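Engineer: You'll find start.txt just under this line, and it carries compact mmCIF, N, CA and C atoms and all ligand atoms.
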# COMPACT_ATOMS: atom_id res chain seq x y z
N MET V 71 78.68 -146.29 2.81
CA MET V 71 80.09 -145.88 2.84
C MET V 71 80.46 -145.41 4.25
N ALA V 72 81.71 -145.64 4.58
CA ALA V 72 82.22 -145.17 5.87
C ALA V 72 83.66 -144.73 5.65
N THR V 73 84.17 -143.99 6.62
CA THR V 73 85.56 -143.54 6.56
C THR V 73 86.41 -144.46 7.41
N PHE V 74 87.52 -144.90 6.85
CA PHE V 74 88.45 -145.75 7.59
C PHE V 74 89.81 -145.06 7.63
N ASN V 75 90.32 -144.94 8.84
CA ASN V 75 91.63 -144.33 9.02
C ASN V 75 92.64 -145.45 9.22
N LEU V 76 93.39 -145.69 8.18
CA LEU V 76 94.33 -146.81 8.17
C LEU V 76 95.76 -146.30 8.32
N THR V 77 96.64 -147.20 8.69
CA THR V 77 98.07 -146.93 8.63
C THR V 77 98.64 -147.91 7.62
N VAL V 78 99.09 -147.38 6.49
CA VAL V 78 99.58 -148.22 5.40
C VAL V 78 101.01 -147.81 5.08
N ASN V 79 101.89 -148.77 5.17
CA ASN V 79 103.32 -148.52 4.92
C ASN V 79 103.84 -147.33 5.74
N GLY V 80 103.37 -147.28 6.98
CA GLY V 80 103.84 -146.27 7.92
C GLY V 80 103.17 -144.92 7.79
N GLN V 81 102.25 -144.77 6.83
CA GLN V 81 101.60 -143.49 6.61
C GLN V 81 100.13 -143.57 7.00
N PRO V 82 99.58 -142.51 7.61
CA PRO V 82 98.13 -142.49 7.85
C PRO V 82 97.41 -142.29 6.52
N ARG V 83 96.41 -143.15 6.24
CA ARG V 83 95.65 -143.05 5.00
C ARG V 83 94.17 -143.14 5.35
N SER V 84 93.42 -142.17 4.90
CA SER V 84 91.99 -142.15 5.15
C SER V 84 91.27 -142.52 3.86
N VAL V 85 90.36 -143.50 3.97
CA VAL V 85 89.64 -143.92 2.77
C VAL V 85 88.15 -144.01 3.05
N GLU V 86 87.38 -143.72 2.00
CA GLU V 86 85.93 -143.92 2.04
C GLU V 86 85.66 -145.24 1.35
N ALA V 87 84.99 -146.14 2.04
CA ALA V 87 84.74 -147.45 1.42
C ALA V 87 83.56 -148.12 2.10
N GLU V 88 82.98 -149.09 1.38
CA GLU V 88 81.99 -149.94 2.01
C GLU V 88 82.71 -150.81 3.04
N PRO V 89 82.12 -151.01 4.22
CA PRO V 89 82.81 -151.76 5.28
C PRO V 89 83.25 -153.16 4.86
N GLU V 90 82.47 -153.76 3.96
CA GLU V 90 82.81 -155.14 3.57
C GLU V 90 83.80 -155.19 2.41
N MET V 91 84.23 -154.03 1.92
CA MET V 91 85.19 -154.07 0.81
C MET V 91 86.49 -154.74 1.26
N PRO V 92 86.97 -155.73 0.50
CA PRO V 92 88.22 -156.36 0.89
C PRO V 92 89.38 -155.35 0.90
N LEU V 93 90.27 -155.54 1.85
CA LEU V 93 91.43 -154.66 1.96
C LEU V 93 92.18 -154.59 0.63
N LEU V 94 92.23 -155.70 -0.10
CA LEU V 94 92.93 -155.73 -1.39
C LEU V 94 92.49 -154.60 -2.31
N TRP V 95 91.17 -154.40 -2.39
CA TRP V 95 90.65 -153.38 -3.32
C TRP V 95 90.85 -151.98 -2.78
N VAL V 96 90.86 -151.85 -1.47
CA VAL V 96 91.19 -150.54 -0.89
C VAL V 96 92.63 -150.18 -1.25
N LEU V 97 93.52 -151.16 -1.09
CA LEU V 97 94.93 -150.90 -1.39
C LEU V 97 95.12 -150.56 -2.87
N ARG V 98 94.53 -151.38 -3.73
CA ARG V 98 94.77 -151.22 -5.17
C ARG V 98 93.99 -150.04 -5.76
N ASP V 99 92.69 -150.00 -5.48
CA ASP V 99 91.85 -149.04 -6.19
C ASP V 99 91.75 -147.69 -5.49
N GLU V 100 91.80 -147.69 -4.17
CA GLU V 100 91.67 -146.42 -3.45
C GLU V 100 93.03 -145.79 -3.19
N LEU V 101 94.04 -146.61 -2.93
CA LEU V 101 95.35 -146.07 -2.55
C LEU V 101 96.41 -146.23 -3.64
N GLY V 102 96.06 -146.90 -4.72
CA GLY V 102 96.99 -147.01 -5.84
C GLY V 102 98.19 -147.90 -5.59
N LEU V 103 98.08 -148.76 -4.59
CA LEU V 103 99.20 -149.67 -4.28
C LEU V 103 98.96 -150.98 -5.03
N VAL V 104 99.36 -150.99 -6.29
CA VAL V 104 98.99 -152.10 -7.17
C VAL V 104 100.02 -153.23 -7.18
N GLY V 105 101.01 -153.14 -6.30
CA GLY V 105 101.95 -154.26 -6.19
C GLY V 105 101.29 -155.50 -5.64
N THR V 106 100.27 -155.32 -4.83
CA THR V 106 99.52 -156.45 -4.27
C THR V 106 98.54 -156.93 -5.33
N LYS V 107 98.57 -158.21 -5.61
CA LYS V 107 97.82 -158.74 -6.76
C LYS V 107 96.55 -159.50 -6.37
N TYR V 108 95.62 -159.50 -7.33
CA TYR V 108 94.41 -160.30 -7.22
C TYR V 108 94.62 -161.60 -8.00
N GLY V 109 94.48 -162.72 -7.30
CA GLY V 109 94.59 -163.99 -7.99
C GLY V 109 93.28 -164.73 -8.01
N CYS V 110 92.82 -165.15 -6.85
CA CYS V 110 91.61 -165.99 -6.79
C CYS V 110 90.44 -165.28 -6.11
N GLY V 111 90.73 -164.40 -5.20
CA GLY V 111 89.68 -163.69 -4.49
C GLY V 111 88.99 -164.49 -3.40
N ILE V 112 89.46 -165.71 -3.17
CA ILE V 112 88.82 -166.55 -2.15
C ILE V 112 89.82 -167.08 -1.13
N GLY V 113 90.94 -166.42 -1.00
CA GLY V 113 91.90 -166.81 0.03
C GLY V 113 92.67 -168.08 -0.26
N ALA V 114 92.75 -168.47 -1.53
CA ALA V 114 93.36 -169.76 -1.85
C ALA V 114 94.73 -169.69 -2.51
N CYS V 115 95.14 -168.53 -3.03
CA CYS V 115 96.37 -168.52 -3.84
C CYS V 115 97.53 -167.74 -3.24
N GLY V 116 97.25 -166.77 -2.39
CA GLY V 116 98.32 -166.01 -1.73
C GLY V 116 98.83 -164.80 -2.51
N ALA V 117 98.32 -164.57 -3.71
CA ALA V 117 98.82 -163.44 -4.51
C ALA V 117 98.60 -162.09 -3.81
N CYS V 118 97.58 -162.03 -2.97
CA CYS V 118 97.18 -160.77 -2.34
C CYS V 118 97.79 -160.59 -0.95
N THR V 119 98.82 -161.38 -0.62
CA THR V 119 99.38 -161.37 0.74
C THR V 119 100.00 -160.02 1.09
N VAL V 120 99.60 -159.49 2.23
CA VAL V 120 100.21 -158.29 2.82
C VAL V 120 100.44 -158.61 4.30
N HIS V 121 101.09 -157.70 4.98
CA HIS V 121 101.26 -157.87 6.43
C HIS V 121 100.25 -157.01 7.17
N LEU V 122 99.60 -157.63 8.15
CA LEU V 122 98.71 -156.91 9.05
C LEU V 122 99.31 -157.06 10.43
N ASP V 123 99.79 -155.94 10.96
CA ASP V 123 100.50 -155.98 12.25
C ASP V 123 101.61 -157.03 12.23
N GLY V 124 102.29 -157.11 11.10
CA GLY V 124 103.45 -157.99 10.98
C GLY V 124 103.16 -159.41 10.53
N ALA V 125 101.89 -159.79 10.53
CA ALA V 125 101.54 -161.16 10.13
C ALA V 125 101.09 -161.18 8.67
N ALA V 126 101.43 -162.25 7.96
CA ALA V 126 101.00 -162.39 6.56
C ALA V 126 99.52 -162.73 6.53
N ILE V 127 98.75 -161.94 5.79
CA ILE V 127 97.31 -162.20 5.67
C ILE V 127 96.88 -162.06 4.21
N ARG V 128 95.71 -162.62 3.91
CA ARG V 128 95.15 -162.54 2.56
C ARG V 128 94.27 -161.31 2.47
N SER V 129 94.72 -160.32 1.77
CA SER V 129 93.95 -159.06 1.74
C SER V 129 92.67 -159.18 0.94
N CYS V 130 92.53 -160.24 0.12
CA CYS V 130 91.27 -160.41 -0.63
C CYS V 130 90.14 -160.87 0.27
N SER V 131 90.51 -161.38 1.45
CA SER V 131 89.51 -162.00 2.32
C SER V 131 89.31 -161.24 3.62
N LEU V 132 89.91 -160.06 3.72
CA LEU V 132 89.77 -159.27 4.95
C LEU V 132 89.01 -157.99 4.66
N PRO V 133 87.79 -157.86 5.18
CA PRO V 133 87.06 -156.61 4.99
C PRO V 133 87.83 -155.44 5.62
N VAL V 134 87.78 -154.32 4.96
CA VAL V 134 88.53 -153.16 5.46
C VAL V 134 88.07 -152.78 6.86
N SER V 135 86.82 -153.06 7.19
CA SER V 135 86.30 -152.71 8.51
C SER V 135 86.97 -153.50 9.63
N GLN V 136 87.68 -154.59 9.28
CA GLN V 136 88.34 -155.39 10.31
C GLN V 136 89.80 -155.02 10.50
N VAL V 137 90.28 -154.04 9.75
CA VAL V 137 91.69 -153.67 9.87
C VAL V 137 91.94 -152.89 11.15
N GLY V 138 91.05 -151.96 11.46
CA GLY V 138 91.18 -151.17 12.68
C GLY V 138 92.50 -150.41 12.73
N GLU V 139 93.17 -150.48 13.86
CA GLU V 139 94.41 -149.73 14.04
C GLU V 139 95.64 -150.54 13.70
N GLN V 140 95.44 -151.75 13.22
CA GLN V 140 96.60 -152.60 12.92
C GLN V 140 97.32 -152.08 11.66
N PRO V 141 98.62 -151.88 11.74
CA PRO V 141 99.33 -151.37 10.57
C PRO V 141 99.37 -152.38 9.43
N VAL V 142 99.21 -151.84 8.23
CA VAL V 142 99.26 -152.66 7.01
C VAL V 142 100.57 -152.36 6.30
N THR V 143 101.25 -153.42 5.87
CA THR V 143 102.45 -153.24 5.04
C THR V 143 102.25 -153.99 3.74
N THR V 144 102.49 -153.31 2.64
CA THR V 144 102.41 -153.94 1.32
C THR V 144 103.83 -154.10 0.77
N ILE V 145 103.93 -154.72 -0.38
CA ILE V 145 105.24 -154.90 -1.01
C ILE V 145 105.94 -153.55 -1.21
N GLU V 146 105.14 -152.50 -1.45
CA GLU V 146 105.75 -151.17 -1.66
C GLU V 146 106.41 -150.64 -0.39
N GLY V 147 105.95 -151.12 0.77
CA GLY V 147 106.49 -150.60 2.02
C GLY V 147 107.39 -151.57 2.76
N LEU V 148 107.69 -152.70 2.14
CA LEU V 148 108.49 -153.70 2.85
C LEU V 148 109.89 -153.17 3.16
N SER V 149 110.43 -152.37 2.26
CA SER V 149 111.74 -151.75 2.50
C SER V 149 111.77 -150.43 1.76
N ALA V 150 112.73 -149.60 2.13
CA ALA V 150 112.79 -148.27 1.51
C ALA V 150 113.26 -148.35 0.07
N ASP V 151 114.21 -149.22 -0.20
CA ASP V 151 114.83 -149.25 -1.54
C ASP V 151 114.85 -150.64 -2.15
N GLY V 152 113.89 -151.47 -1.78
CA GLY V 152 113.90 -152.82 -2.32
C GLY V 152 115.05 -153.64 -1.78
N ASP V 153 115.54 -153.25 -0.60
CA ASP V 153 116.72 -153.92 -0.08
C ASP V 153 116.44 -154.79 1.15
N HIS V 154 115.20 -155.18 1.31
CA HIS V 154 114.90 -156.18 2.35
C HIS V 154 115.66 -157.46 2.00
N PRO V 155 116.19 -158.18 2.99
CA PRO V 155 116.95 -159.40 2.69
C PRO V 155 116.22 -160.38 1.78
N VAL V 156 114.90 -160.45 1.93
CA VAL V 156 114.14 -161.36 1.05
C VAL V 156 114.15 -160.84 -0.38
N GLN V 157 113.99 -159.55 -0.55
CA GLN V 157 114.02 -158.98 -1.90
C GLN V 157 115.39 -159.18 -2.56
N LEU V 158 116.45 -158.99 -1.78
CA LEU V 158 117.80 -159.18 -2.33
C LEU V 158 118.02 -160.64 -2.71
N ALA V 159 117.51 -161.55 -1.86
CA ALA V 159 117.66 -162.98 -2.17
C ALA V 159 116.86 -163.34 -3.42
N TRP V 160 115.71 -162.70 -3.60
CA TRP V 160 114.89 -162.95 -4.80
C TRP V 160 115.66 -162.56 -6.06
N LEU V 161 116.37 -161.43 -5.98
CA LEU V 161 117.19 -161.00 -7.12
C LEU V 161 118.35 -161.96 -7.35
N GLU V 162 119.00 -162.30 -6.26
CA GLU V 162 120.17 -163.18 -6.34
C GLU V 162 119.80 -164.51 -7.00
N HIS V 163 118.63 -165.03 -6.67
CA HIS V 163 118.22 -166.33 -7.20
C HIS V 163 117.35 -166.21 -8.45
N ASP V 164 117.15 -164.98 -8.92
CA ASP V 164 116.40 -164.76 -10.16
C ASP V 164 115.07 -165.54 -10.11
N VAL V 165 114.33 -165.33 -9.02
CA VAL V 165 113.17 -166.17 -8.73
C VAL V 165 112.02 -166.04 -9.74
N PRO V 166 111.57 -164.81 -10.07
CA PRO V 166 110.31 -164.74 -10.83
C PRO V 166 110.41 -165.29 -12.25
N GLN V 167 109.29 -165.81 -12.72
CA GLN V 167 109.17 -166.09 -14.15
C GLN V 167 108.20 -165.04 -14.69
N CYS V 168 106.89 -165.25 -14.58
CA CYS V 168 105.98 -164.17 -15.01
C CYS V 168 105.91 -163.06 -13.98
N GLY V 169 106.13 -163.40 -12.71
CA GLY V 169 106.20 -162.39 -11.66
C GLY V 169 104.91 -162.10 -10.93
N TYR V 170 103.79 -162.59 -11.44
CA TYR V 170 102.50 -162.16 -10.91
C TYR V 170 102.33 -162.47 -9.42
N CYS V 171 102.75 -163.64 -9.00
CA CYS V 171 102.53 -164.06 -7.62
C CYS V 171 103.62 -163.58 -6.67
N GLN V 172 104.65 -162.94 -7.22
CA GLN V 172 105.89 -162.79 -6.44
C GLN V 172 105.79 -161.79 -5.28
N ALA V 173 104.99 -160.76 -5.42
CA ALA V 173 104.84 -159.84 -4.28
C ALA V 173 104.27 -160.60 -3.08
N GLY V 174 103.27 -161.42 -3.36
CA GLY V 174 102.68 -162.23 -2.28
C GLY V 174 103.68 -163.23 -1.72
N GLN V 175 104.46 -163.81 -2.61
CA GLN V 175 105.49 -164.77 -2.15
C GLN V 175 106.48 -164.07 -1.22
N ILE V 176 106.93 -162.90 -1.64
CA ILE V 176 107.93 -162.16 -0.86
C ILE V 176 107.35 -161.75 0.50
N MET V 177 106.10 -161.30 0.52
CA MET V 177 105.50 -160.89 1.80
C MET V 177 105.34 -162.09 2.72
N SER V 178 105.00 -163.25 2.17
CA SER V 178 104.91 -164.45 3.01
C SER V 178 106.28 -164.85 3.53
N ALA V 179 107.29 -164.79 2.65
CA ALA V 179 108.65 -165.16 3.07
C ALA V 179 109.16 -164.22 4.16
N ALA V 180 108.90 -162.93 4.01
CA ALA V 180 109.36 -161.96 5.02
C ALA V 180 108.70 -162.23 6.37
N ALA V 181 107.41 -162.54 6.35
CA ALA V 181 106.71 -162.83 7.61
C ALA V 181 107.22 -164.14 8.21
N LEU V 182 107.48 -165.11 7.35
CA LEU V 182 108.02 -166.39 7.83
C LEU V 182 109.34 -166.17 8.57
N LEU V 183 110.23 -165.39 7.95
CA LEU V 183 111.55 -165.19 8.56
C LEU V 183 111.50 -164.28 9.78
N ASP V 184 110.48 -163.43 9.86
CA ASP V 184 110.30 -162.65 11.09
C ASP V 184 109.98 -163.58 12.26
N GLY V 185 109.18 -164.60 11.98
CA GLY V 185 108.77 -165.52 13.04
C GLY V 185 109.80 -166.61 13.32
N ILE V 186 110.45 -167.08 12.24
CA ILE V 186 111.43 -168.16 12.36
C ILE V 186 112.67 -167.72 11.58
N PRO V 187 113.63 -167.09 12.24
CA PRO V 187 114.77 -166.51 11.51
C PRO V 187 115.60 -167.54 10.74
N ASN V 188 115.69 -168.76 11.25
CA ASN V 188 116.46 -169.79 10.55
C ASN V 188 115.62 -171.04 10.32
N PRO V 189 114.67 -170.96 9.42
CA PRO V 189 113.77 -172.10 9.23
C PRO V 189 114.49 -173.27 8.56
N ASP V 190 114.08 -174.49 8.95
CA ASP V 190 114.62 -175.66 8.26
C ASP V 190 113.78 -175.90 7.00
N GLU V 191 114.15 -176.93 6.25
CA GLU V 191 113.48 -177.19 4.97
C GLU V 191 111.96 -177.32 5.15
N ALA V 192 111.59 -178.09 6.17
CA ALA V 192 110.16 -178.34 6.39
C ALA V 192 109.44 -177.05 6.77
N GLU V 193 110.10 -176.22 7.56
CA GLU V 193 109.46 -174.96 7.98
C GLU V 193 109.32 -174.01 6.79
N ILE V 194 110.30 -174.02 5.89
CA ILE V 194 110.17 -173.18 4.68
C ILE V 194 109.00 -173.69 3.84
N SER V 195 108.94 -175.00 3.65
CA SER V 195 107.85 -175.57 2.84
C SER V 195 106.50 -175.26 3.46
N ALA V 196 106.40 -175.43 4.77
CA ALA V 196 105.13 -175.17 5.44
C ALA V 196 104.79 -173.68 5.38
N GLY V 197 105.79 -172.83 5.62
CA GLY V 197 105.56 -171.39 5.66
C GLY V 197 105.15 -170.81 4.32
N MET V 198 105.61 -171.45 3.23
CA MET V 198 105.34 -170.93 1.90
C MET V 198 104.23 -171.71 1.19
N SER V 199 103.64 -172.67 1.88
CA SER V 199 102.71 -173.58 1.21
C SER V 199 101.41 -172.89 0.78
N GLY V 200 101.10 -171.74 1.35
CA GLY V 200 99.86 -171.06 0.99
C GLY V 200 99.98 -170.16 -0.22
N ASN V 201 101.17 -170.09 -0.81
CA ASN V 201 101.37 -169.21 -1.96
C ASN V 201 101.61 -170.05 -3.21
N ILE V 202 100.69 -169.91 -4.15
CA ILE V 202 100.77 -170.71 -5.38
C ILE V 202 101.50 -169.92 -6.46
N CYS V 203 102.35 -170.63 -7.21
CA CYS V 203 103.04 -170.04 -8.36
C CYS V 203 102.71 -170.88 -9.59
N ARG V 204 102.01 -170.26 -10.52
CA ARG V 204 101.60 -171.01 -11.70
C ARG V 204 102.78 -171.37 -12.60
N CYS V 205 103.85 -170.58 -12.52
CA CYS V 205 105.04 -170.89 -13.33
C CYS V 205 105.89 -171.98 -12.69
N GLY V 206 105.60 -172.31 -11.44
CA GLY V 206 106.35 -173.38 -10.79
C GLY V 206 107.75 -172.97 -10.37
N THR V 207 107.89 -171.76 -9.83
CA THR V 207 109.22 -171.30 -9.40
C THR V 207 109.56 -171.76 -7.98
N TYR V 208 108.91 -172.79 -7.52
CA TYR V 208 109.04 -173.19 -6.11
C TYR V 208 110.47 -173.51 -5.69
N THR V 209 111.25 -174.13 -6.58
CA THR V 209 112.62 -174.48 -6.20
C THR V 209 113.43 -173.22 -5.93
N ARG V 210 113.24 -172.21 -6.78
CA ARG V 210 114.00 -170.96 -6.58
C ARG V 210 113.46 -170.20 -5.37
N ILE V 211 112.15 -170.24 -5.16
CA ILE V 211 111.58 -169.59 -3.97
C ILE V 211 112.19 -170.19 -2.72
N HIS V 212 112.23 -171.50 -2.68
CA HIS V 212 112.77 -172.20 -1.51
C HIS V 212 114.23 -171.81 -1.28
N ALA V 213 115.01 -171.79 -2.37
CA ALA V 213 116.43 -171.44 -2.26
C ALA V 213 116.60 -170.00 -1.79
N ALA V 214 115.75 -169.11 -2.29
CA ALA V 214 115.87 -167.69 -1.92
C ALA V 214 115.51 -167.48 -0.45
N VAL V 215 114.48 -168.18 0.02
CA VAL V 215 114.11 -168.04 1.43
C VAL V 215 115.27 -168.53 2.30
N LYS V 216 115.86 -169.63 1.88
CA LYS V 216 116.99 -170.18 2.64
C LYS V 216 118.15 -169.19 2.66
N SER V 217 118.43 -168.62 1.53
CA SER V 217 119.57 -167.71 1.48
C SER V 217 119.27 -166.41 2.21
N ALA V 218 118.02 -165.96 2.21
CA ALA V 218 117.66 -164.74 2.96
C ALA V 218 117.83 -164.97 4.46
N ALA V 219 117.69 -166.21 4.87
CA ALA V 219 117.79 -166.53 6.30
C ALA V 219 119.24 -166.56 6.76
N GLU V 220 120.17 -166.64 5.82
CA GLU V 220 121.59 -166.81 6.21
C GLU V 220 122.27 -165.50 6.53
FE1 LIG V 301 93.74 -163.52 -2.20
FE2 LIG V 301 94.13 -165.47 -3.99
S1 LIG V 301 93.70 -163.35 -4.35
S2 LIG V 301 94.37 -165.55 -1.83
How does the structure come out when it is put into structure tokens?
Ligand code: FES

Structural biologist:
Amino acid sequence: MATFNLTVNGQPRSVEAEPEMPLLWVLRDELGLVGTKYGCGIGACGACTVHLDGAAIRSCSLPVSQVGEQPVTTIEGLSADGDHPVQLAWLEHDVPQCGYCQAGQIMSAAALLDGIPNPDEAEISAGMSGNICRCGTYTRIHAAVKSAAE
């Protein structure tokens, strides 16, 4: 076990964990931030997407020892009141079906729009291609990303 001093959603958080513990489990089990979901555990589905220093990453595949001083943002910290443009667009387009993958979808969409404020169709498809939705809400996800960009 080792102590890791993280910055999560703008707050300093100190955790005791095995260095190889994936960030996902530190967030969920040590810090109680259960909005970030476990889907596949092998970096293939995107359910566990969070921001590391502003970039969308798979928290299931990142050992906590590699976080260092880079700030982590989870769905709980994306906005103060759920009013990030992507979150509002998600509501407007009634995107979720079961909802399980949606935190990861939203975090990927927010990072995409940070990098490309007005993505074209192909850029939206490419930017969101790493996030799988078993309910098949892709059409609404695409529309919501487009509307969040406007
Ligand atoms: Fe991390 Fe699927 S749980 S990519």

Engineer: Residues of chain V that have any atom at most 6.5 Å from an atom of ligand LIG 301 (chain V): could you tabulate them with the shortest-distance atom pair and the distance in Å to one decimal, using only N, CA and C atoms and all ligand atoms, ordered by chain and increasing number, as CSV?

Structural biologist:
residue,atom,partner,partner_atom,distance
V:Lys107,C,V:LIG301,S1,5.2
V:Tyr108,C,V:LIG301,S1,4.2
V:Gly109,N,V:LIG301,S1,3.1
V:Cys110,N,V:LIG301,FE2,3.2
V:Gly111,N,V:LIG301,S1,3.3
V:Ile112,N,V:LIG301,FE2,4.7
V:Gly113,CA,V:LIG301,S2,3.3
V:Ala114,N,V:LIG301,S2,3.4
V:Cys115,N,V:LIG301,S2,3.3
V:Gly116,N,V:LIG301,S2,3.2
V:Ala117,N,V:LIG301,FE2,4.3
V:Cys118,N,V:LIG301,FE1,4.2
V:Thr119,N,V:LIG301,FE1,5.7
V:Arg128,CA,V:LIG301,FE1,5.1
V:Ser129,N,V:LIG301,FE1,5.2
V:Cys130,N,V:LIG301,FE1,4.2
V:Ser131,N,V:LIG301,FE1,5.3

Engineer: DSSP says alpha helix (DSSP H) for which residues of chain V? Put them as a compact mmCIF listing (two decimals) with N, CA and C atoms, in the frame of the given file?

Structural biologist:
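Result saved to part-v4.txt:
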# COMPACT_ATOMS: atom_id res chain seq x y z
N LEU V 93 90.27 -155.54 1.85
CA LEU V 93 91.43 -154.66 1.96
C LEU V 93 92.18 -154.59 0.63
N LEU V 94 92.23 -155.70 -0.10
CA LEU V 94 92.93 -155.73 -1.39
C LEU V 94 92.49 -154.60 -2.31
N TRP V 95 91.17 -154.40 -2.39
CA TRP V 95 90.65 -153.38 -3.32
C TRP V 95 90.85 -151.98 -2.78
N PRO V 155 116.19 -158.18 2.99
CA PRO V 155 116.95 -159.40 2.69
C PRO V 155 116.22 -160.38 1.78
N VAL V 156 114.90 -160.45 1.93
CA VAL V 156 114.14 -161.36 1.05
C VAL V 156 114.15 -160.84 -0.38
N GLN V 157 113.99 -159.55 -0.55
CA GLN V 157 114.02 -158.98 -1.90
C GLN V 157 115.39 -159.18 -2.56
N LEU V 158 116.45 -158.99 -1.78
CA LEU V 158 117.80 -159.18 -2.33
C LEU V 158 118.02 -160.64 -2.71
N ALA V 159 117.51 -161.55 -1.86
CA ALA V 159 117.66 -162.98 -2.17
C ALA V 159 116.86 -163.34 -3.42
N TRP V 160 115.71 -162.70 -3.60
CA TRP V 160 114.89 -162.95 -4.80
C TRP V 160 115.66 -162.56 -6.06
N LEU V 161 116.37 -161.43 -5.98
CA LEU V 161 117.19 -161.00 -7.12
C LEU V 161 118.35 -161.96 -7.35
N GLU V 162 119.00 -162.30 -6.26
CA GLU V 162 120.17 -163.18 -6.34
C GLU V 162 119.80 -164.51 -7.00
N GLN V 172 104.65 -162.94 -7.22
CA GLN V 172 105.89 -162.79 -6.44
C GLN V 172 105.79 -161.79 -5.28
N ALA V 173 104.99 -160.76 -5.42
CA ALA V 173 104.84 -159.84 -4.28
C ALA V 173 104.27 -160.60 -3.08
N GLY V 174 103.27 -161.42 -3.36
CA GLY V 174 102.68 -162.23 -2.28
C GLY V 174 103.68 -163.23 -1.72
N GLN V 175 104.46 -163.81 -2.61
CA GLN V 175 105.49 -164.77 -2.15
C GLN V 175 106.48 -164.07 -1.22
N ILE V 176 106.93 -162.90 -1.64
CA ILE V 176 107.93 -162.16 -0.86
C ILE V 176 107.35 -161.75 0.50
N MET V 177 106.10 -161.30 0.52
CA MET V 177 105.50 -160.89 1.80
C MET V 177 105.34 -162.09 2.72
N SER V 178 105.00 -163.25 2.17
CA SER V 178 104.91 -164.45 3.01
C SER V 178 106.28 -164.85 3.53
N ALA V 179 107.29 -164.79 2.65
CA ALA V 179 108.65 -165.16 3.07
C ALA V 179 109.16 -164.22 4.16
N ALA V 180 108.90 -162.93 4.01
CA ALA V 180 109.36 -161.96 5.02
C ALA V 180 108.70 -162.23 6.37
N ALA V 181 107.41 -162.54 6.35
CA ALA V 181 106.71 -162.83 7.61
C ALA V 181 107.22 -164.14 8.21
N LEU V 182 107.48 -165.11 7.35
CA LEU V 182 108.02 -166.39 7.83
C LEU V 182 109.34 -166.17 8.57
N LEU V 183 110.23 -165.39 7.95
CA LEU V 183 111.55 -165.19 8.56
C LEU V 183 111.50 -164.28 9.78
N ASP V 184 110.48 -163.43 9.86
CA ASP V 184 110.30 -162.65 11.09
C ASP V 184 109.98 -163.58 12.26
N GLY V 185 109.18 -164.60 11.98
CA GLY V 185 108.77 -165.52 13.04
C GLY V 185 109.80 -166.61 13.32
N GLU V 191 114.15 -176.93 6.25
CA GLU V 191 113.48 -177.19 4.97
C GLU V 191 111.96 -177.32 5.15
N ALA V 192 111.59 -178.09 6.17
CA ALA V 192 110.16 -178.34 6.39
C ALA V 192 109.44 -177.05 6.77
N GLU V 193 110.10 -176.22 7.56
CA GLU V 193 109.46 -174.96 7.98
C GLU V 193 109.32 -174.01 6.79
N ILE V 194 110.30 -174.02 5.89
CA ILE V 194 110.17 -173.18 4.68
C ILE V 194 109.00 -173.69 3.84
N SER V 195 108.94 -175.00 3.65
CA SER V 195 107.85 -175.57 2.84
C SER V 195 106.50 -175.26 3.46
N ALA V 196 106.40 -175.43 4.77
CA ALA V 196 105.13 -175.17 5.44
C ALA V 196 104.79 -173.68 5.38
N GLY V 197 105.79 -172.83 5.62
CA GLY V 197 105.56 -171.39 5.66
C GLY V 197 105.15 -170.81 4.32
N MET V 198 105.61 -171.45 3.23
CA MET V 198 105.34 -170.93 1.90
C MET V 198 104.23 -171.71 1.19
N TYR V 208 108.91 -172.79 -7.52
CA TYR V 208 109.04 -173.19 -6.11
C TYR V 208 110.47 -173.51 -5.69
N THR V 209 111.25 -174.13 -6.58
CA THR V 209 112.62 -174.48 -6.20
C THR V 209 113.43 -173.22 -5.93
N ARG V 210 113.24 -172.21 -6.78
CA ARG V 210 114.00 -170.96 -6.58
C ARG V 210 113.46 -170.20 -5.37
N ILE V 211 112.15 -170.24 -5.16
CA ILE V 211 111.58 -169.59 -3.97
C ILE V 211 112.19 -170.19 -2.72
N HIS V 212 112.23 -171.50 -2.68
CA HIS V 212 112.77 -172.20 -1.51
C HIS V 212 114.23 -171.81 -1.28
N ALA V 213 115.01 -171.79 -2.37
CA ALA V 213 116.43 -171.44 -2.26
C ALA V 213 116.60 -170.00 -1.79
N ALA V 214 115.75 -169.11 -2.29
CA ALA V 214 115.87 -167.69 -1.92
C ALA V 214 115.51 -167.48 -0.45
N VAL V 215 114.48 -168.18 0.02
CA VAL V 215 114.11 -168.04 1.43
C VAL V 215 115.27 -168.53 2.30
N LYS V 216 115.86 -169.63 1.88
CA LYS V 216 116.99 -170.18 2.64
C LYS V 216 118.15 -169.19 2.66
N SER V 217 118.43 -168.62 1.53
CA SER V 217 119.57 -167.71 1.48
C SER V 217 119.27 -166.41 2.21
N ALA V 218 118.02 -165.96 2.21
CA ALA V 218 117.66 -164.74 2.96
C ALA V 218 117.83 -164.97 4.46
N ALA V 219 117.69 -166.21 4.87
CA ALA V 219 117.79 -166.53 6.30
C ALA V 219 119.24 -166.56 6.76

Engineer: Of the residues V:Ala180, V:Asn79, V:Gly105, V:Arg210, which is the one nearest to Val165 of chain V, using all atoms listed in the file?

Structural biologist: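 Counting all atoms listed in the file, the residue closest to Val165 of chain V is V:Arg210.
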
Engineer: One decimal, in Å: what's the spacing between atom C of Thr144 of chain V and atom CA of Met177 of chain V?

Structural biologist: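 These two atoms are separated by 7.1 Å.
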
Engineer: Give me the residues within 8 Å of Cys205 of chain V as a list in words, counting all atoms listed in the file and dropping any in the same chain fewer than 3 places off.

Structural biologist: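 Selected residues are Pro166, Gln167, Cys168, Gly169, Cys171, Ile202 and Tyr208 of chain V.
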
Engineer: With a distance cut-off of 8 Å and all atoms listed in the file, select the neighbouring residues of Gln140 of chain V, excluding the residue or stretch itself and same-chain residues fewer than 2 positions from it, and output the selection as a VMD selection string.

Structural biologist: chain V and resid 75 to 78 121 to 124 136 to 138 142 to 143

Engineer: Let's see if you can do this: from backbone DSSP, list all strand (DSSP E) residues in segment 126-165 of chain V, as a ChimeraX atom specification.

Structural biologist: /V:126-128,142-143
